[in-house]
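Printed here is query.txt (compact mmCIF, C-alpha atoms and all ligand atoms):
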# COMPACT_ATOMS: atom_id res chain seq x y z
CA MET A 1 -15.95 19.04 1.51
CA GLY A 2 -15.61 21.69 4.14
CA LEU A 3 -16.50 22.34 7.76
CA GLU A 4 -19.60 20.17 7.89
CA GLU A 5 -19.53 16.44 8.54
CA SER A 6 -20.37 14.36 5.47
CA THR A 7 -20.42 10.62 4.85
CA PHE A 8 -19.27 9.00 1.60
CA ARG A 9 -20.80 5.61 0.79
CA ASP A 10 -19.50 2.88 -1.54
CA VAL A 11 -15.96 4.19 -1.15
CA VAL A 12 -13.26 2.12 -2.87
CA CYS A 13 -10.40 1.10 -0.58
CA THR A 14 -6.94 1.78 -1.96
CA VAL A 15 -4.84 -0.70 -0.01
CA CYS A 16 -4.87 -4.27 -1.36
CA GLY A 17 -5.95 -5.86 -4.63
CA CYS A 18 -9.46 -6.63 -3.31
CA CYS A 19 -10.35 -2.93 -3.88
CA CYS A 20 -13.37 -3.33 -1.57
CA ASP A 21 -15.98 -0.82 -2.71
CA HIS A 22 -18.40 -0.86 0.22
CA LEU A 23 -16.62 1.43 2.68
CA GLU A 24 -18.36 4.28 4.48
CA VAL A 25 -16.08 7.18 5.27
CA THR A 26 -17.08 10.20 7.33
CA VAL A 27 -15.21 13.43 6.74
CA LYS A 28 -15.21 16.58 8.85
CA GLU A 29 -13.16 19.72 8.20
CA ASP A 30 -11.31 17.93 5.43
CA THR A 31 -10.21 15.14 7.75
CA VAL A 32 -11.37 11.53 7.82
CA VAL A 33 -12.99 11.04 11.23
CA LYS A 34 -14.82 7.70 10.91
CA VAL A 35 -14.51 4.58 8.77
CA LYS A 36 -17.05 1.74 8.52
CA ASN A 37 -16.99 -1.67 6.78
CA ALA A 38 -13.21 -1.60 6.28
CA CYS A 39 -10.61 -4.06 7.57
CA ALA A 40 -7.91 -3.00 10.05
CA MET A 41 -5.36 -2.23 7.29
CA SER A 42 -7.77 0.03 5.46
CA THR A 43 -9.04 1.75 8.61
CA SER A 44 -5.48 2.42 9.69
CA LYS A 45 -4.61 3.99 6.31
CA LEU A 46 -7.73 6.16 6.17
CA LEU A 47 -7.35 7.46 9.73
CA ASN A 48 -3.57 7.95 9.63
CA TYR A 49 -2.79 9.03 6.08
CA MET A 50 -1.38 12.34 7.30
CA ASN A 51 1.39 10.63 9.31
CA GLU A 52 4.93 10.84 7.87
CA ARG A 53 3.78 13.08 4.99
CA ILE A 54 6.14 15.06 2.81
CA MET A 55 4.81 18.62 2.71
CA LYS A 56 7.03 20.32 0.15
CA PRO A 57 9.22 19.49 -2.87
CA MET A 58 12.90 18.94 -2.08
CA ILE A 59 16.21 18.94 -3.92
CA ARG A 60 19.51 17.55 -2.67
CA ARG A 61 22.07 20.33 -2.27
CA ARG A 62 25.56 19.73 -0.88
CA GLY A 63 24.50 16.24 0.19
CA ARG A 64 21.32 17.29 2.02
CA LEU A 65 17.68 17.32 0.98
CA SER A 66 16.20 20.78 1.40
CA GLY A 67 12.92 22.44 0.47
CA CYS A 68 12.55 24.13 -2.92
CA SER A 69 9.84 25.54 -5.16
CA TYR A 70 7.71 23.16 -7.19
CA ARG A 71 9.01 24.81 -10.36
CA ASP A 72 12.64 24.18 -9.38
CA ALA A 73 11.87 20.54 -8.61
CA VAL A 74 10.18 20.07 -12.01
CA ASP A 75 13.13 21.73 -13.73
CA ALA A 76 15.67 19.56 -11.86
CA ALA A 77 13.75 16.36 -12.63
CA ALA A 78 13.42 17.22 -16.32
CA LYS A 79 17.16 18.01 -16.53
CA ILE A 80 18.09 14.68 -14.91
CA LEU A 81 15.97 12.82 -17.46
CA LEU A 82 17.35 14.91 -20.33
CA LYS A 83 20.94 14.01 -19.40
CA SER A 84 20.14 10.29 -19.11
CA ARG A 85 20.57 7.70 -21.83
CA SER A 86 18.70 4.92 -20.07
CA PRO A 87 16.44 6.17 -17.26
CA LEU A 88 14.23 3.75 -15.32
CA LEU A 89 10.66 4.72 -14.43
CA TYR A 90 9.48 2.34 -11.71
CA GLY A 91 6.57 1.81 -9.28
CA TRP A 92 3.04 2.56 -10.56
CA SER A 93 0.97 0.07 -8.56
CA LEU A 94 -0.09 2.53 -5.82
CA THR A 95 -1.33 5.21 -8.17
CA SER A 96 -4.17 5.60 -10.67
CA CYS A 97 -4.43 4.27 -14.21
CA GLU A 98 -4.50 7.87 -15.43
CA ALA A 99 -1.08 8.50 -13.82
CA VAL A 100 0.32 5.30 -15.36
CA GLU A 101 -0.84 6.54 -18.76
CA VAL A 102 1.23 9.73 -18.39
CA GLY A 103 4.12 7.61 -17.07
CA VAL A 104 4.18 5.49 -20.23
CA GLU A 105 4.11 8.64 -22.38
CA LEU A 106 7.05 10.02 -20.38
CA ALA A 107 9.00 6.73 -20.64
CA GLU A 108 8.58 6.73 -24.42
CA GLU A 109 9.55 10.40 -24.68
CA VAL A 110 12.74 9.97 -22.61
CA GLY A 111 13.59 6.64 -24.29
CA GLY A 112 13.89 4.75 -21.02
CA PHE A 113 12.62 1.65 -19.24
CA ILE A 114 9.28 1.48 -17.49
CA ASP A 115 8.50 -1.28 -15.02
CA ASN A 116 5.89 -1.79 -12.31
CA THR A 117 6.01 -3.82 -9.10
CA THR A 118 4.64 -6.86 -10.95
CA SER A 119 8.23 -7.81 -11.72
CA THR A 120 8.79 -8.56 -8.02
CA CYS A 121 5.46 -10.29 -7.29
CA HIS A 122 3.16 -11.73 -9.96
CA GLY A 123 5.52 -11.37 -12.95
CA PRO A 124 5.69 -15.19 -13.22
CA THR A 125 1.87 -15.25 -13.26
CA ILE A 126 1.81 -13.04 -16.33
CA LEU A 127 4.50 -15.15 -18.02
CA GLY A 128 2.42 -18.23 -17.24
CA VAL A 129 -0.68 -16.63 -18.75
CA HIS A 130 1.32 -15.81 -21.93
CA GLU A 131 2.12 -19.53 -22.24
CA ILE A 132 -1.04 -21.26 -21.09
CA GLY A 133 -3.86 -18.69 -21.01
CA GLU A 134 -6.21 -18.52 -18.05
CA SER A 135 -9.70 -19.58 -17.16
CA SER A 136 -10.89 -16.64 -15.08
CA SER A 137 -14.00 -14.91 -13.81
CA THR A 138 -14.95 -11.95 -11.69
CA LEU A 139 -14.93 -12.23 -7.92
CA GLY A 140 -18.70 -11.73 -8.12
CA GLU A 141 -19.04 -15.02 -10.03
CA VAL A 142 -16.99 -16.74 -7.34
CA ARG A 143 -19.15 -15.23 -4.61
CA HIS A 144 -22.38 -16.36 -6.24
CA ARG A 145 -21.37 -19.78 -7.56
CA ALA A 146 -18.20 -21.29 -6.09
CA ASP A 147 -18.67 -24.37 -3.92
CA LEU A 148 -14.97 -25.21 -3.73
CA ILE A 149 -12.28 -22.64 -2.91
CA ILE A 150 -8.53 -23.27 -2.90
CA TYR A 151 -5.98 -20.85 -1.47
CA TRP A 152 -2.52 -21.94 -2.58
CA GLY A 153 0.59 -20.18 -1.23
CA CYS A 154 -1.32 -17.19 0.11
CA ASN A 155 -2.69 -16.09 3.46
CA PRO A 156 -5.67 -13.78 2.83
CA ILE A 157 -6.57 -13.44 6.49
CA HIS A 158 -3.49 -11.23 6.82
CA ALA A 159 -2.81 -9.94 3.30
CA HIS A 160 -6.38 -9.52 1.93
CA PRO A 161 -8.47 -9.47 5.11
CA LEU A 162 -11.94 -9.13 3.53
CA HIS A 163 -11.38 -11.53 0.61
CA MET A 164 -13.08 -14.43 2.38
CA SER A 165 -16.06 -12.48 3.70
CA ARG A 166 -16.76 -10.55 0.50
CA TYR A 167 -15.98 -13.06 -2.21
CA THR A 168 -15.36 -16.61 -1.05
CA LEU A 169 -15.79 -18.81 2.00
CA LEU A 170 -17.86 -16.55 4.25
CA SER A 171 -19.71 -14.56 1.61
CA LYS A 172 -23.43 -14.84 0.96
CA GLY A 173 -23.92 -15.36 -2.76
CA ARG A 174 -26.97 -15.80 -4.92
CA PHE A 175 -26.56 -19.55 -5.27
CA ARG A 176 -24.18 -20.28 -2.36
CA LYS A 177 -25.65 -18.68 0.69
CA SER A 178 -23.54 -19.89 3.60
CA ARG A 179 -20.27 -21.36 4.79
CA SER A 180 -21.82 -24.83 4.88
CA GLU A 181 -22.31 -24.75 1.09
CA ARG A 182 -18.61 -24.19 0.40
CA THR A 183 -15.47 -26.27 0.93
CA LEU A 184 -12.10 -24.66 1.58
CA ILE A 185 -8.78 -26.33 0.77
CA VAL A 186 -5.56 -24.53 1.74
CA VAL A 187 -2.17 -25.59 0.38
CA ASP A 188 0.84 -24.03 2.07
CA VAL A 189 4.20 -24.87 3.61
CA ARG A 190 2.93 -24.04 7.09
CA ARG A 191 -0.38 -23.98 8.94
CA THR A 192 -1.28 -20.32 8.46
CA ASP A 193 -4.26 -18.57 10.02
CA THR A 194 -6.11 -19.10 6.72
CA ALA A 195 -5.24 -22.81 6.87
CA LYS A 196 -6.82 -22.99 10.34
CA MET A 197 -10.19 -22.17 8.72
CA ALA A 198 -9.87 -24.83 6.03
CA ASP A 199 -11.86 -28.03 5.66
CA MET A 200 -8.67 -29.58 4.37
CA PHE A 201 -5.11 -28.31 4.90
CA ILE A 202 -2.42 -29.78 2.69
CA GLN A 203 1.10 -29.11 3.90
CA VAL A 204 3.44 -29.21 0.93
CA GLU A 205 7.21 -29.42 1.44
CA PRO A 206 8.93 -26.08 0.68
CA ASN A 207 9.69 -25.67 -3.06
CA LYS A 208 7.69 -28.76 -4.05
CA ASP A 209 4.58 -27.01 -5.37
CA TYR A 210 5.36 -27.87 -8.99
CA GLU A 211 5.67 -31.58 -8.17
CA LEU A 212 2.43 -31.55 -6.17
CA ILE A 213 0.45 -29.73 -8.89
CA SER A 214 1.85 -32.11 -11.52
CA ALA A 215 0.76 -35.09 -9.40
CA LEU A 216 -2.69 -33.55 -9.00
CA ARG A 217 -2.91 -33.11 -12.78
CA ALA A 218 -2.02 -36.79 -13.22
CA ALA A 219 -4.69 -37.80 -10.70
CA VAL A 220 -7.29 -35.55 -12.38
CA ARG A 221 -6.49 -37.27 -15.71
CA GLY A 222 -6.90 -40.64 -14.00
CA ASP A 223 -3.23 -41.61 -14.37
CA GLU A 224 -1.64 -43.78 -11.72
CA ILE A 225 0.88 -42.11 -9.39
CA GLU A 226 3.61 -44.61 -8.68
CA GLN A 227 5.23 -42.86 -5.68
CA ASP A 228 3.82 -43.17 -2.14
CA GLU A 229 3.99 -39.44 -1.68
CA VAL A 230 4.74 -36.28 -3.71
CA GLY A 231 6.04 -33.09 -2.11
CA GLY A 232 5.41 -34.59 1.33
CA VAL A 233 1.74 -35.31 0.53
CA PRO A 234 0.59 -38.96 0.55
CA THR A 235 -0.68 -40.24 -2.80
CA ASP A 236 -4.01 -41.31 -1.26
CA LEU A 237 -4.62 -37.71 -0.21
CA ILE A 238 -3.66 -36.37 -3.66
CA GLU A 239 -6.18 -38.73 -5.26
CA GLU A 240 -8.83 -37.69 -2.75
CA VAL A 241 -8.24 -34.00 -3.51
CA ALA A 242 -8.36 -34.67 -7.27
CA GLU A 243 -11.75 -36.31 -6.79
CA MET A 244 -12.97 -33.27 -4.81
CA LEU A 245 -11.82 -30.93 -7.59
CA ILE A 246 -13.49 -32.96 -10.32
CA SER A 247 -16.77 -33.35 -8.46
CA CYS A 248 -17.33 -29.71 -7.46
CA ASP A 249 -19.79 -27.54 -9.44
CA PHE A 250 -17.68 -24.39 -9.56
CA GLY A 251 -14.14 -24.31 -8.23
CA ALA A 252 -11.89 -21.29 -7.73
CA LEU A 253 -8.15 -21.47 -7.19
CA PHE A 254 -6.51 -18.37 -5.68
CA PHE A 255 -2.73 -18.28 -5.48
CA GLY A 256 -0.09 -15.96 -4.07
CA LEU A 257 3.61 -15.37 -3.82
CA GLY A 258 4.13 -18.78 -2.22
CA LEU A 259 3.69 -20.10 -5.74
CA THR A 260 5.10 -17.25 -7.86
CA MET A 261 8.21 -16.50 -5.83
CA SER A 262 9.35 -19.98 -4.79
CA PRO A 263 11.77 -21.93 -7.03
CA GLY A 264 10.04 -22.82 -10.27
CA LYS A 265 8.28 -19.44 -10.38
CA SER A 266 6.53 -19.26 -13.77
CA GLU A 267 6.75 -23.07 -14.08
CA ASN A 268 4.68 -23.34 -10.89
CA VAL A 269 2.14 -20.95 -12.36
CA ASP A 270 2.16 -22.81 -15.71
CA ALA A 271 1.35 -25.99 -13.81
CA ALA A 272 -1.48 -24.33 -11.83
CA LEU A 273 -2.98 -22.77 -14.97
CA SER A 274 -2.72 -26.16 -16.72
CA LEU A 275 -4.40 -27.91 -13.78
CA VAL A 276 -7.34 -25.51 -14.02
CA ARG A 277 -7.45 -25.94 -17.82
CA ASP A 278 -7.55 -29.74 -17.34
CA LEU A 279 -10.29 -29.43 -14.74
CA ASN A 280 -12.45 -27.47 -17.17
CA SER A 281 -12.85 -30.60 -19.28
CA LYS A 282 -14.64 -32.13 -16.27
CA THR A 283 -16.28 -29.24 -14.40
CA LYS A 284 -16.16 -25.44 -14.11
CA PHE A 285 -12.97 -24.06 -12.55
CA VAL A 286 -11.33 -20.62 -12.48
CA ILE A 287 -7.97 -19.33 -11.31
CA ILE A 288 -7.28 -15.82 -10.00
CA PRO A 289 -3.98 -14.42 -8.67
CA MET A 290 -4.10 -12.65 -5.31
CA ARG A 291 -2.72 -9.31 -6.47
CA GLY A 292 -1.15 -7.27 -3.68
CA HIS A 293 -1.20 -3.51 -4.32
CA PHE A 294 -4.54 -1.93 -5.11
CA ASN A 295 -3.70 -0.97 -8.69
CA VAL A 296 -0.92 -3.29 -9.79
CA ASN A 297 -3.47 -4.88 -12.11
CA GLY A 298 -4.32 -1.43 -13.49
CA ALA A 299 -0.63 -0.74 -14.16
CA ASN A 300 -0.46 -4.01 -16.14
CA ASN A 301 -3.59 -3.12 -18.09
CA VAL A 302 -2.58 0.43 -19.00
CA MET A 303 0.95 -0.61 -20.01
CA THR A 304 -0.50 -3.39 -22.16
CA TRP A 305 -2.97 -1.07 -23.94
CA MET A 306 -0.25 1.45 -24.66
CA THR A 307 2.77 -0.72 -25.49
CA GLY A 308 1.53 -4.28 -25.95
CA TYR A 309 3.38 -5.42 -22.81
CA PRO A 310 2.29 -5.49 -19.15
CA TYR A 311 5.59 -4.59 -17.36
CA ALA A 312 9.40 -4.45 -17.84
CA ILE A 313 9.18 -2.40 -21.05
CA ASP A 314 12.27 -1.06 -22.77
CA PHE A 315 11.92 2.09 -24.92
CA THR A 316 15.68 2.63 -25.33
CA ARG A 317 15.52 1.14 -28.85
CA GLY A 318 12.87 3.66 -29.92
CA PHE A 319 10.08 1.08 -29.78
CA PRO A 320 8.66 -1.06 -26.97
CA TYR A 321 10.65 -4.22 -26.26
CA TYR A 322 9.87 -6.70 -23.48
CA ASN A 323 12.00 -9.38 -21.94
CA PRO A 324 11.45 -9.82 -18.18
CA GLY A 325 14.68 -10.94 -16.55
CA GLU A 326 16.56 -8.60 -18.90
CA THR A 327 14.36 -5.49 -18.94
CA SER A 328 12.87 -5.71 -15.43
CA ALA A 329 13.90 -3.14 -12.82
CA VAL A 330 15.83 -5.38 -10.42
CA ASP A 331 17.85 -6.96 -13.25
CA LEU A 332 18.62 -3.62 -14.92
CA LEU A 333 19.74 -2.11 -11.63
CA ALA A 334 21.74 -5.14 -10.54
CA ARG A 335 23.68 -4.92 -13.82
CA GLY A 336 24.09 -1.15 -13.43
CA GLU A 337 22.41 -0.40 -16.76
CA CYS A 338 20.34 2.63 -15.71
CA ASP A 339 21.81 6.09 -15.35
CA SER A 340 18.87 7.72 -13.56
CA ALA A 341 15.54 6.67 -12.05
CA LEU A 342 12.10 8.11 -11.45
CA ILE A 343 10.17 6.25 -8.74
CA VAL A 344 6.42 6.77 -8.44
CA ALA A 345 4.57 5.62 -5.30
CA SER A 346 6.97 2.83 -4.44
CA ASP A 347 9.85 2.13 -2.07
CA PRO A 348 12.42 0.00 -3.92
CA VAL A 349 15.23 0.97 -1.52
CA SER A 350 13.40 -1.01 1.19
CA ASN A 351 12.51 -3.95 -1.04
CA PHE A 352 15.09 -4.54 -3.75
CA PRO A 353 18.10 -6.83 -3.37
CA TYR A 354 21.28 -5.23 -2.01
CA LYS A 355 23.16 -4.84 -5.28
CA ALA A 356 20.20 -3.34 -7.12
CA THR A 357 19.60 -0.94 -4.21
CA CYS A 358 23.26 0.13 -4.14
CA ASN A 359 23.17 0.94 -7.85
CA LEU A 360 19.79 2.68 -7.54
CA THR A 361 21.10 4.99 -4.83
CA SER A 362 24.26 5.77 -6.79
CA ILE A 363 22.41 7.29 -9.79
CA PRO A 364 20.36 10.52 -9.92
CA LEU A 365 17.06 9.61 -8.29
CA ILE A 366 13.69 11.37 -8.53
CA THR A 367 10.83 10.23 -6.29
CA ILE A 368 7.13 11.07 -6.28
CA ASP A 369 5.48 9.84 -3.08
CA PRO A 370 3.04 11.06 -0.42
CA HIS A 371 5.15 9.72 2.46
CA ILE A 372 8.72 9.75 3.73
CA THR A 373 10.34 6.44 2.81
CA PRO A 374 13.95 5.20 2.60
CA THR A 375 13.73 5.78 -1.19
CA VAL A 376 12.67 9.38 -0.59
CA LEU A 377 15.59 9.90 1.79
CA CYS A 378 18.06 8.64 -0.87
CA SER A 379 16.58 10.83 -3.63
CA ASP A 380 17.98 13.89 -5.36
CA VAL A 381 14.59 15.37 -6.23
CA VAL A 382 11.42 14.68 -4.22
CA PHE A 383 7.81 15.55 -5.07
CA PRO A 384 5.10 15.17 -2.41
CA SER A 385 1.92 13.79 -3.96
CA ALA A 386 -1.78 13.41 -3.19
CA LEU A 387 -3.12 10.00 -2.14
CA VAL A 388 -5.30 8.27 -4.74
CA GLY A 389 -8.71 7.38 -3.31
CA ILE A 390 -8.41 9.92 -0.47
CA GLU A 391 -7.12 13.24 -1.80
CA THR A 392 -7.51 12.66 -5.53
CA SER A 393 -9.65 10.40 -7.67
CA GLY A 394 -8.58 7.83 -10.22
CA THR A 395 -9.36 4.52 -11.90
CA VAL A 396 -8.06 1.32 -10.31
CA TYR A 397 -8.33 -2.34 -11.35
CA ARG A 398 -9.38 -4.99 -8.85
CA MET A 399 -7.44 -8.29 -8.81
CA ASP A 400 -10.04 -9.88 -11.11
CA GLY A 401 -9.73 -7.09 -13.70
CA VAL A 402 -12.85 -5.10 -12.76
CA PRO A 403 -12.17 -1.34 -13.05
CA LEU A 404 -13.45 0.90 -10.25
CA VAL A 405 -13.32 4.62 -9.56
CA ALA A 406 -11.51 5.54 -6.36
CA ARG A 407 -13.01 8.88 -5.34
CA LYS A 408 -11.55 11.97 -3.77
CA LEU A 409 -12.76 12.36 -0.16
CA VAL A 410 -10.80 15.34 1.16
CA GLU A 411 -8.68 18.16 -0.20
CA PRO A 412 -4.94 17.44 -0.22
CA PRO A 413 -2.67 19.66 1.89
CA ARG A 414 -1.92 23.03 0.29
CA ASN A 415 0.33 22.85 -2.79
CA ILE A 416 0.29 19.04 -2.86
CA ARG A 417 -0.47 17.86 -6.38
CA SER A 418 -1.60 14.57 -7.88
CA ASP A 419 0.85 12.16 -9.55
CA ILE A 420 -0.79 12.97 -12.90
CA GLU A 421 -0.17 16.70 -12.55
CA ILE A 422 3.44 16.23 -11.48
CA LEU A 423 4.20 13.77 -14.28
CA ARG A 424 2.56 16.03 -16.88
CA ASP A 425 4.62 19.01 -15.66
CA ILE A 426 7.86 17.00 -15.83
CA LEU A 427 6.94 15.80 -19.34
CA ARG A 428 6.11 19.33 -20.48
CA ARG A 429 9.36 20.75 -19.07
CA TYR A 430 11.38 17.89 -20.59
CA ARG A 431 9.89 18.62 -24.04
CA ASN A 432 10.59 22.35 -23.67
CA LEU A 433 14.21 21.77 -22.65
CA LYS A 434 14.69 19.29 -25.48
CA ARG A 435 13.23 21.73 -27.99
CA LEU A 436 15.54 24.46 -26.70
CA GLY A 437 18.48 22.03 -26.94
CA ARG A 438 19.55 22.48 -23.27
S1 LIG A 501 -9.40 -6.29 2.23
FE1 LIG A 501 -7.99 -4.96 1.13
S2 LIG A 501 -9.27 -3.68 -0.19
FE2 LIG A 501 -10.62 -4.64 1.37
S3 LIG A 501 -10.78 -3.11 2.99
FE3 LIG A 501 -9.08 -4.50 3.53
S4 LIG A 501 -7.21 -3.57 2.68
FE4 LIG A 501 -9.00 -2.58 1.73
Translate the structure described by the file into structure tokens.
Amino acid sequence: MGLEESTFRDVVCTVCGCCCDHLEVTVKEDTVVKVKNACAMSTSKLLNYMNERIMKPMIRRRGRLSGCSYRDAVDAAAKILLKSRSPLLYGWSLTSCEAVEVGVELAEEVGGFIDNTTSTCHGPTILGVHEIGESSSTLGEVRHRADLIIYWGCNPIHAHPLHMSRYTLLSKGRFRKSRSERTLIVVDVRRTDTAKMADMFIQVEPNKDYELISALRAAVRGDEIEQDEVGGVPTDLIEEVAEMLISCDFGALFFGLGLTMSPGKSENVDAALSLVRDLNSKTKFVIIPMRGHFNVNGANNVMTWMTGYPYAIDFTRGFPYYNPGETSAVDLLARGECDSALIVASDPVSNFPYKATCNLTSIPLITIDPHITPTVLCSDVVFPSALVGIETSGTVYRMDGVPLVARKLVEPPRNIRSDIEILRDILRRYRNLKRLGR
């Protein structure tokens, strides 16, 4: 790092859950100047990460956010948490596993709630896995072996742009070397750009995924379907698809928010997991959720190691308690049950329902984020932070559970610290204040 141009190879992308680890990034004078092998989303992040940055800590005084020393910001954050009876610590999917580890320690110390963005995306997936279990594999296995791919309720061409070329349809695997050796089925409520590449597109009526999966399960078992159609899909077609699923050598079902966030939620996921379980009595089949943020899977993993639960954890009782729907961030905020919040690398003000957002912005709010967001603008204390995978290193988990190291490529701007450092300093100050009884 310095004045000379240098190229980093095998760089891990920190945008979506694919965590592509084949990027080439050229750096000159501590600035990214060239990016190779990345998709448009990743290239845009790597070349523009300095846009809209926060450059100094801020505290709200007389209604306005103004610059302050780092020490004052740490002190103010620790005092907010010390005064709270039920603080919420939320975000965690756009930071490193090491930062999440400190976050869990802080949540336990302050006796609050800790939740990650899973509760607004693949929470139902995790609930489904609790109930049914999952037949899974790495994306490498899919790349080398899968001859049948299903994308259900997801549109990777836009949300995970290199998923198809690195791991599925267009990838060159050890045993499946070309597009002609793979079949793609897309199930969605509309003909998406991914659906346009499919060998078979099945248009399901909105909110009828559960019915369609249940009919497919019946057809896979060999049961007769008495209706002419299910979820807008003719029975003949359902039986044809069931035959394709049974007769493949290695099938992989990828699913997204079209399944987890439409009515039925975890029931839809239960049905999909059960379909794949049924199929494994006839052939080899795996199911993998299309995780969105680059380390949402890591947040689930770290929280599970440390507390036994993957998200929506309540420490207010002095021990970890878990009941999504009761202890998840949106529900807590909608009921007005938190009296302060610490947000790490997330923008709930832009994404949460109106009532939850109103309550979030009415309580003391601390935010740690590299960029200016609506949540930052509503905060009482703001910490600028270094970007994981660009300005600081850290461990991240790919959507299939493979851990990877996202490396530091450039120095962060002066006096900008990592999430880990900031969280440790808040924790240390909190403990000191508590010991002093302030
Ligand atoms: S597909 Fe996702 S992980 Fe891969 S380069 Fe694009 S944004 Fe990054």
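Neighbouring residues of ligand LIG 501 (chain A) at a cut-off of 7 Å, counting only C-alpha atoms and all ligand atoms, are Cys13, Thr14, Val15, Cys16, Gly17, Cys18, Cys19, Cys20, Ala38, Cys39, Ala40, Met41, Ser42, His160, Pro161, Leu162 and His163 of chain A.
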Find the spatial neighbours of Ser180 (chain A), counting all atoms listed in the file, within a cut-off of 10 Å - ignore same-chain residues fewer than 5 positions away - and output them as a compact mmCIF listing (two decimals) with C-alpha atoms, keeping the file's coordinate frame.
# COMPACT_ATOMS: atom_id res chain seq x y z
CA ASP A 147 -18.67 -24.37 -3.92
CA LEU A 169 -15.79 -18.81 2.00
CA LEU A 170 -17.86 -16.55 4.25
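Of the listed residues (A:Glu109, A:Asp425, A:Glu229, A:Glu267), A:Glu109 comes nearest to Asp314 (chain A); the distances count all atoms listed in the file.
In terms of minimum interatomic distance to Phe255 (chain A), A:Arg291 ranks closest within A:His130, A:Arg317, A:Arg9, A:Arg291, counting all atoms listed in the file.
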(request) Determine the nearest neighbour of Val74 (chain A) from the options A:Ser393, A:Thr375, A:Thr43, A:Thr367, counting all atoms listed in the file. (result) A:Thr367
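Distances here use only C-alpha atoms; by that measure, the residue among A:Glu5, A:Glu52, A:Asp400, A:Asp115 closest to Asp331 (chain A) is A:Asp115.
Computed from the coordinates, the CA of Leu257 (chain A) to CA of Thr235 (chain A) distance equals 25.3 Å.
Here CA of Leu23 (chain A) and CA of Val11 (chain A) stand 4.8 Å from one another.
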